[in-house]
Each structure stands twice: as structure tokens, then as C-alpha cells.
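Down below is the structure, laid out as C-alpha cells.
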Amino acid sequence: MARLRVAFLGPLASFSHQAAAEAFGKISASLLPQLSFADAFVALQNQEVDYAVIPCENSTNGSVVQTLDLLADRNDDYKDVKVCGEYYLTVHHCLLVHKGSYPSGWSGYDGSITKLYTHPQAWGQCEGVLSKYFKGVERQDVSSTSKGAEIVAKEPTEKSAAIASRFAAEYHGVDVLKENIEDRADNTTRFLILRNVLAARTAELDLGQPKATASDEQPNTHKTLISFSIDHASPGALASALLIFKQHGLNLTTINTRPSLKRAWQYIFFVECGRTLSEENMDAVVNALQDLQNVTESCRDLGTWKDQLSAQTA
Ligand SMILES: O=C(O)C(=O)C[C@]1(C(=O)O)C=C[C@@H](O)C=C1
């Protein structure tokens with residue numbers, strides 16, 4: 001079989017690269033950097049890649065709304081893309097500066113940095129250091145943390161810094177001025193592993209797809225992501241939709257919303273639910289979706305995959 005192709009947000013040395021390398025570490029896969037999350041979705045829908053590894057949530061800063069907007073798929077651009085796995089990456093951020101620009105390091109730092117670069121998700125993970133030492137300093141969003149490090153590497157005269165990983169510092173040849181600048185030591189980003197459901201070869205790889213466990217095996221906990229929209233004018237429409245999850249033994253774990261972009265103040269709901277797989281509940285998701293069709297305007301199964309947190313504690 002030809003090598004599997006895995007898309008991630010580039011350039012090389014982004015956190016997404018790290019997550020893709022670790023998640024597919026045991027498999028011989030080609031890791032392919034993309035300019036944006038949208039480019040990764042397009043490549044996956046067009047079957048130019050087999051998988052995409054995309055951040056969806058951070059333990060400090062919450063949901064990655066760009067990813068939710070792509071999963072919302074308002075124009076049916078990514079109708080064959082589904083979640084088939086997840087990967088948790090501990091994220092340690094560093095403050096990176098042009099090589100040699102601060103020879104005495106953080107202890108001799110004189111407050112002269114005038115511009116900071118990073119991915120929008122990273123600001124909210126480092127607010128403590130930013131508000132203490134970089135109050136009023138211009139912040140520029142860039143396409144990834146690694147892109148920020150690349151810019152700083154190319155700007156010899158600017159007093160700029162990037163927030164990115166140590167791995168990015170080594171890759172782009174910049175200095176680490178201060179490390180572990182994240183607010184919480186347990187700062188973790190959850191990545192979704194996406195596949196194109198029409199690509200037969202991705203169905204063969206076991207990333208934790210649902211199957212009944214033999215009686216001597218540890219029971220598997222699986223997560224499912226479902227999106228739906230409702231008639232907001234109908235009292236109880238949301239309550240009726242959520243009740244269906246309970247009726248099918250699907251334990252709600254998170255609910256996210258994004259604007260429907262059809263009418264103001266109307267939403268697409270993303271519900272994640274879990275179940276411990278058994279022969280009896282193998283069809284729970286199919287049945288729940290059937291019932292959801294009666295109480296929602298639209299609903300979509302965005303995939304089922306093995307819960308990696310419960311797999312660690314089992
Ligand atoms: O910018 C990167 O390096 C990414 O891979 C993106 C991303 C994200 O969007 O959450 C990944 C992990 C960190 O939370 C910060 C940024």
C-alpha cells in the first residue's frame with residue numbers, strides 16, 4: 001500500500017505538525033503541511049490526502065472556532081469528511097526572538113519588544129506573561145505559531161518576538177528568550193483526526209472505530225460528534241433534541257454553538273456524546289439520528305471514534 005498522506009497546519013514545526021507526527025508515529029505516513037485548516041479540509045474532501053489532524057479545543061482557551069466553522073460545513077463543501085480519532089498534545093509555549101538579538105537572555109530583557117506574532121489560539125493560553133510583560137505591545141495574528149517563528153527568523157532589525165514551541169525555535173533557528181510561558185502547566189490541545197469516508201484505505205486503519213468488544217477485552221468508550229440546527233421559534237425544540245441523546249444512552253459531554261449565518265442569533269449546535277460500546281448500543285447513533293430528524297431542521301453525523309482519555313485511564 002502507498003504511504004498514507006496526512007495533512008496538518010504548517011509550516012513544519014507547528015503544534016499541529018507535532019500532533020500529526022505523534023498520532024501517526026507508528027505508521028509510515030507522509031506528513032503534508034497546509035497553509036490553513038480550510039486547505040486541509042479541501043485536500044481531504046478531494047482525497048488528495050487520507051487524513052487531516054486539526055486542533056478543535058484547548059484546555060485553557062476553549063474551542064477552536066475556525067475548526068467548528070469548517071465542521072459546520074454550511075455550503076456542503078466537506079460532505080465526506082468525518083472525525084475518526086483524537087489526539088491530546090501537551091502544549092508548552094516559548095517566547096522566541098531573532099538569533100543573537102537578546103544575548104543576555106530573559107534576565108537582561110529591557111522591555112524593548114514592540115511586536116508579537118502567533119496563532120490566534122495561542123494568545124489566550126499565555127495571558128499571564130503577556131499582561132505582565134507585554135502590556136500594550138502590538139499583537140499580530142499569523143497562520144500558525146511556526147509561521148510566527150519563521151517571520152521572526154527573517155526580521156533581523158525588528159524588535160519582534162513569536163510565541164511558538166521549542167521545536168519551532170530549533171527548526172527556524174531562533175532563540176528561546178523565555179520558556180513555558182503558558183498560563184497553566186497542563187495546557188493541552190485536543191486534535192481531531194479526520195478522514196474522507198469515501199476513501200476505502202482509511203477504513204482499514206484502526207484508529208478506534210466502533211466494534212463490539214469480545215467479553216474478555218476492556219470495554220471501549222467512544223465519542224460521537226453530531227451537529228444540528230433547530231427551529232428557534234418552537235418552544236422546547238432544543239430540549240427535545242437533547243432528550244433524544246439521553247433516550248439512546250448517549251451521554252452528553254460538550255455542547256458548542258456557531259452562528260447559523262442564515263438568520264442572526266440562530267445557531268448550529270455541536271453535541272459530543274459518549275457511550276461504552278456494547279452489542280446492545282451499536283446502533284445508538286443511527287437510531288438517535290433518525291429521531292433527531294423529527295425535531296431538528298437539519299442534523300449530521302460527524303463521526304465516532306475511540307475516547308483517548310478513557311483509553312488512558314482504563
Ligand atoms: O499554530 C500552531 O502551531 C497550530 O498547530 C495551531 C494551534 C491551534 O489552533 O490550537 C495548535 C495548538 C495550540 O493550541 C496553538 C495553536
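Every chain in the C-alpha cells takes a letter, A first, then B, and so on in the order presented; its residues are numbered from 1, and the ligands are numbered from 1 following the presented order.
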Surrounding residues of segment 262-278 of chain A excluding itself and chain neighbours under 6 positions, 10 Å, only C-alpha atoms, as a compact mmCIF listing (two decimals) with N, CA and C atoms, in the first residue's frame:
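That gives us part04.txt:
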# COMPACT_ATOMS: atom_id res chain seq x y z
N LEU A 68 -14.60 24.64 14.18
CA LEU A 68 -16.05 24.43 14.27
C LEU A 68 -16.73 24.96 13.01
N ASP A 69 -16.26 26.12 12.52
CA ASP A 69 -16.87 26.68 11.31
C ASP A 69 -16.69 25.76 10.11
N LEU A 71 -16.35 22.47 10.35
CA LEU A 71 -17.20 21.30 10.61
C LEU A 71 -18.68 21.66 10.37
N ALA A 72 -19.02 22.94 10.57
CA ALA A 72 -20.41 23.37 10.33
C ALA A 72 -20.78 23.18 8.86
N ARG A 74 -21.42 24.85 6.12
CA ARG A 74 -22.70 25.48 5.77
C ARG A 74 -23.05 25.34 4.28
N PRO A 210 -15.79 2.03 15.95
CA PRO A 210 -16.62 1.20 16.83
C PRO A 210 -16.73 -0.25 16.37
N LYS A 211 -16.52 -1.13 17.31
CA LYS A 211 -16.81 -2.54 17.07
C LYS A 211 -17.12 -3.15 18.43
N ALA A 212 -17.96 -4.17 18.44
CA ALA A 212 -18.31 -4.79 19.72
C ALA A 212 -17.07 -5.46 20.29
N THR A 213 -16.84 -5.28 21.61
CA THR A 213 -15.64 -5.87 22.22
C THR A 213 -15.93 -7.31 22.64
N ALA A 214 -14.92 -8.16 22.50
CA ALA A 214 -15.06 -9.53 23.00
C ALA A 214 -15.18 -9.45 24.52
N SER A 215 -15.80 -10.42 25.13
CA SER A 215 -16.12 -10.31 26.56
C SER A 215 -14.88 -10.18 27.45
N PRO A 219 -13.86 -2.72 28.04
CA PRO A 219 -14.87 -2.04 27.24
C PRO A 219 -14.31 -0.72 26.69
N ASN A 220 -14.67 -0.39 25.46
CA ASN A 220 -14.19 0.84 24.83
C ASN A 220 -15.20 1.96 25.02
N THR A 221 -14.70 3.14 25.39
CA THR A 221 -15.61 4.28 25.40
C THR A 221 -15.41 5.02 24.09
N HIS A 222 -16.49 5.31 23.42
CA HIS A 222 -16.42 6.01 22.15
C HIS A 222 -17.14 7.35 22.25
N LYS A 223 -16.64 8.29 21.48
CA LYS A 223 -17.29 9.61 21.39
C LYS A 223 -17.91 9.74 20.01
N THR A 224 -18.98 10.52 19.95
CA THR A 224 -19.63 10.81 18.67
C THR A 224 -19.89 12.32 18.61
N LEU A 225 -19.70 12.90 17.44
CA LEU A 225 -19.99 14.32 17.25
C LEU A 225 -21.15 14.46 16.27
N ILE A 226 -22.17 15.19 16.72
CA ILE A 226 -23.35 15.40 15.87
C ILE A 226 -23.62 16.91 15.80
N SER A 227 -23.90 17.42 14.62
CA SER A 227 -24.29 18.84 14.52
C SER A 227 -25.76 18.90 14.12
N PHE A 228 -26.46 19.92 14.60
CA PHE A 228 -27.85 20.10 14.18
C PHE A 228 -28.28 21.55 14.31
N SER A 229 -29.33 21.89 13.59
CA SER A 229 -29.95 23.21 13.77
C SER A 229 -31.43 22.98 14.06
N ILE A 230 -32.06 23.94 14.75
CA ILE A 230 -33.45 23.76 15.15
C ILE A 230 -34.27 24.98 14.76
N ASP A 231 -35.57 24.84 14.87
CA ASP A 231 -36.46 25.99 14.68
C ASP A 231 -36.48 26.75 16.00
N HIS A 232 -35.80 27.89 16.04
CA HIS A 232 -35.66 28.63 17.30
C HIS A 232 -36.99 29.17 17.81
N ALA A 233 -37.98 29.26 16.92
CA ALA A 233 -39.27 29.82 17.34
C ALA A 233 -40.14 28.76 18.02
N LEU A 238 -34.94 22.74 21.36
CA LEU A 238 -33.58 22.32 21.77
C LEU A 238 -33.68 21.23 22.84
N LEU A 242 -32.06 17.43 22.69
CA LEU A 242 -31.10 16.91 23.68
C LEU A 242 -31.63 15.65 24.38
N PHE A 245 -30.67 12.22 22.91
CA PHE A 245 -29.38 11.63 23.25
C PHE A 245 -29.54 10.74 24.49
N LYS A 246 -30.25 11.26 25.49
CA LYS A 246 -30.48 10.50 26.73
C LYS A 246 -31.25 9.22 26.41
N HIS A 248 -31.24 7.39 23.97
CA HIS A 248 -30.45 6.36 23.29
C HIS A 248 -29.16 6.02 24.05
N GLY A 249 -29.12 6.44 25.32
CA GLY A 249 -27.97 6.09 26.17
C GLY A 249 -26.69 6.80 25.75
N LEU A 250 -26.83 7.97 25.11
CA LEU A 250 -25.66 8.75 24.68
C LEU A 250 -25.44 9.87 25.69
N ASN A 251 -24.30 9.80 26.37
CA ASN A 251 -24.01 10.72 27.46
C ASN A 251 -23.42 12.03 26.92
N LEU A 252 -24.14 13.14 27.09
CA LEU A 252 -23.65 14.42 26.54
C LEU A 252 -22.41 14.87 27.28
N THR A 253 -21.35 15.22 26.55
CA THR A 253 -20.13 15.68 27.21
C THR A 253 -19.82 17.15 26.92
N THR A 254 -20.05 17.60 25.69
CA THR A 254 -19.87 19.04 25.40
C THR A 254 -20.92 19.52 24.41
N ILE A 255 -21.23 20.81 24.53
CA ILE A 255 -22.11 21.45 23.54
C ILE A 255 -21.44 22.75 23.10
N ASN A 256 -21.29 22.93 21.81
CA ASN A 256 -20.75 24.17 21.25
C ASN A 256 -21.77 24.75 20.28
N ALA A 284 -26.93 2.87 18.42
CA ALA A 284 -27.50 4.03 19.13
C ALA A 284 -27.40 5.32 18.32
N VAL A 285 -26.27 5.53 17.64
CA VAL A 285 -26.09 6.79 16.90
C VAL A 285 -27.03 6.84 15.70
N SER A 298 -32.06 20.37 10.55
CA SER A 298 -31.07 19.55 9.85
C SER A 298 -30.18 18.92 10.91
N CYS A 299 -29.64 17.76 10.62
CA CYS A 299 -28.69 17.15 11.55
C CYS A 299 -27.68 16.32 10.77
N ARG A 300 -26.51 16.15 11.36
CA ARG A 300 -25.44 15.45 10.63
C ARG A 300 -24.56 14.68 11.59
N LEU A 302 -21.13 13.54 12.48
CA LEU A 302 -19.77 13.96 12.12
C LEU A 302 -18.72 12.94 12.53
N GLY A 303 -19.16 11.77 12.97
CA GLY A 303 -18.19 10.70 13.21
C GLY A 303 -18.17 10.16 14.63
N THR A 304 -17.64 8.96 14.74
CA THR A 304 -17.49 8.27 16.03
C THR A 304 -16.06 7.75 16.11
N TRP A 305 -15.47 7.88 17.30
CA TRP A 305 -14.07 7.48 17.46
C TRP A 305 -13.80 7.09 18.91
N LYS A 306 -12.66 6.45 19.10
CA LYS A 306 -12.32 5.97 20.44
C LYS A 306 -11.90 7.14 21.34
N ASP A 307 -12.47 7.19 22.52
CA ASP A 307 -12.16 8.24 23.50
C ASP A 307 -10.77 7.98 24.06
N SER A 310 -10.40 8.11 28.09
CA SER A 310 -10.83 6.92 28.82
C SER A 310 -9.90 5.76 28.51
Q: Could you give me the residues within 6 Å of ligand 1, counting only C-alpha atoms and all ligand atoms, as a PyMOL selection string?
A: chain A and resi 9+14-16+55+58+119+121-122+144-146+189
Keeping only C-alpha atoms, write the selected residues as a PDB file, in the first residue's frame.
ATOM      1  CA  LEU A   9      -1.450  23.186   9.584  1.00  0.00           C
ATOM      2  CA  SER A  14       3.787  23.853  14.231  1.00  0.00           C
ATOM      3  CA  PHE A  15       1.961  22.178  17.118  1.00  0.00           C
ATOM      4  CA  SER A  16      -0.261  20.553  14.501  1.00  0.00           C
ATOM      5  CA  PRO A  55      -6.996  21.268  16.584  1.00  0.00           C
ATOM      6  CA  ASN A  58      -7.630  23.792  24.157  1.00  0.00           C
ATOM      7  CA  HIS A 119      -1.626  31.914  16.028  1.00  0.00           C
ATOM      8  CA  GLN A 121      -5.390  30.406  19.687  1.00  0.00           C
ATOM      9  CA  ALA A 122      -2.079  30.918  21.490  1.00  0.00           C
ATOM     10  CA  SER A 144       0.358  29.282  12.862  1.00  0.00           C
ATOM     11  CA  THR A 145       2.816  29.519  15.735  1.00  0.00           C
ATOM     12  CA  SER A 146       5.504  28.133  13.442  1.00  0.00           C
ATOM     13  CA  THR A 189      -4.806  20.902  22.864  1.00  0.00           C
TER      14      THR A 189
END
Which distance in Å separates atom CA of Ala169 of chain A and atom CA of Leu96 of chain A, to one decimal?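 Pair atom CA of Ala169 of chain A / atom CA of Leu96 of chain A returns 6.6 Å.
All residues of segment 176-263 of chain A that DSSP, run on the backbone, classes as alpha helix (DSSP H) are A:Ala200, A:Arg201, A:Thr202, A:Ala203, A:Glu204, A:Ala237, A:Leu238, A:Ala239, A:Ser240, A:Ala241, A:Leu242, A:Leu243, A:Ile244, A:Phe245, A:Lys246, A:Gln247.
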Selected residues written out, C-alpha atoms, as a compact mmCIF listing (two decimals), in the first residue's frame:
# COMPACT_ATOMS: atom_id res chain seq x y z
CA ALA A 200 -11.54 2.92 1.26
CA ARG A 201 -7.97 2.66 2.50
CA THR A 202 -8.64 4.88 5.53
CA ALA A 203 -11.37 2.47 6.64
CA GLU A 204 -8.75 -0.27 7.03
CA ALA A 237 -37.07 22.37 20.25
CA LEU A 238 -33.58 22.32 21.77
CA ALA A 239 -34.76 20.40 24.85
CA SER A 240 -36.45 17.80 22.60
CA ALA A 241 -33.25 17.35 20.57
CA LEU A 242 -31.10 16.91 23.68
CA LEU A 243 -33.55 14.45 25.22
CA ILE A 244 -33.03 12.11 22.25
CA PHE A 245 -29.38 11.63 23.25
CA LYS A 246 -30.48 10.50 26.73
CA GLN A 247 -33.13 8.18 25.29
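Around His93 of chain A, within 9 Å and counting only C-alpha atoms, the residues found are Ala122, Gln125, Cys126, Ile163, Ala164, Ser165, Arg166, Lys178, Glu179, Asn180, Ile181 and Glu182 of chain A, once anything fewer than 3 positions away on its own chain is removed.
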Residues of the last selection are to be written out with C-alpha atoms, as a PDB file, in the first residue's frame.
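Once written, result-v4.pdb looks like this:
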ATOM      1  CA  ALA A 122      -2.079  30.918  21.490  1.00  0.00           C
ATOM      2  CA  GLN A 125      -3.066  30.399  26.532  1.00  0.00           C
ATOM      3  CA  CYS A 126      -0.351  32.860  27.629  1.00  0.00           C
ATOM      4  CA  ILE A 163       5.018  32.599  20.649  1.00  0.00           C
ATOM      5  CA  ALA A 164       5.700  29.055  19.471  1.00  0.00           C
ATOM      6  CA  SER A 165       7.289  25.783  20.563  1.00  0.00           C
ATOM      7  CA  ARG A 166      10.922  24.939  21.331  1.00  0.00           C
ATOM      8  CA  LYS A 178      11.595  32.628  27.848  1.00  0.00           C
ATOM      9  CA  GLU A 179      10.097  29.150  28.017  1.00  0.00           C
ATOM     10  CA  ASN A 180       6.911  27.678  29.459  1.00  0.00           C
ATOM     11  CA  ILE A 181       5.021  30.957  29.160  1.00  0.00           C
ATOM     12  CA  GLU A 182       1.639  29.186  29.067  1.00  0.00           C
TER      13      GLU A 182
END
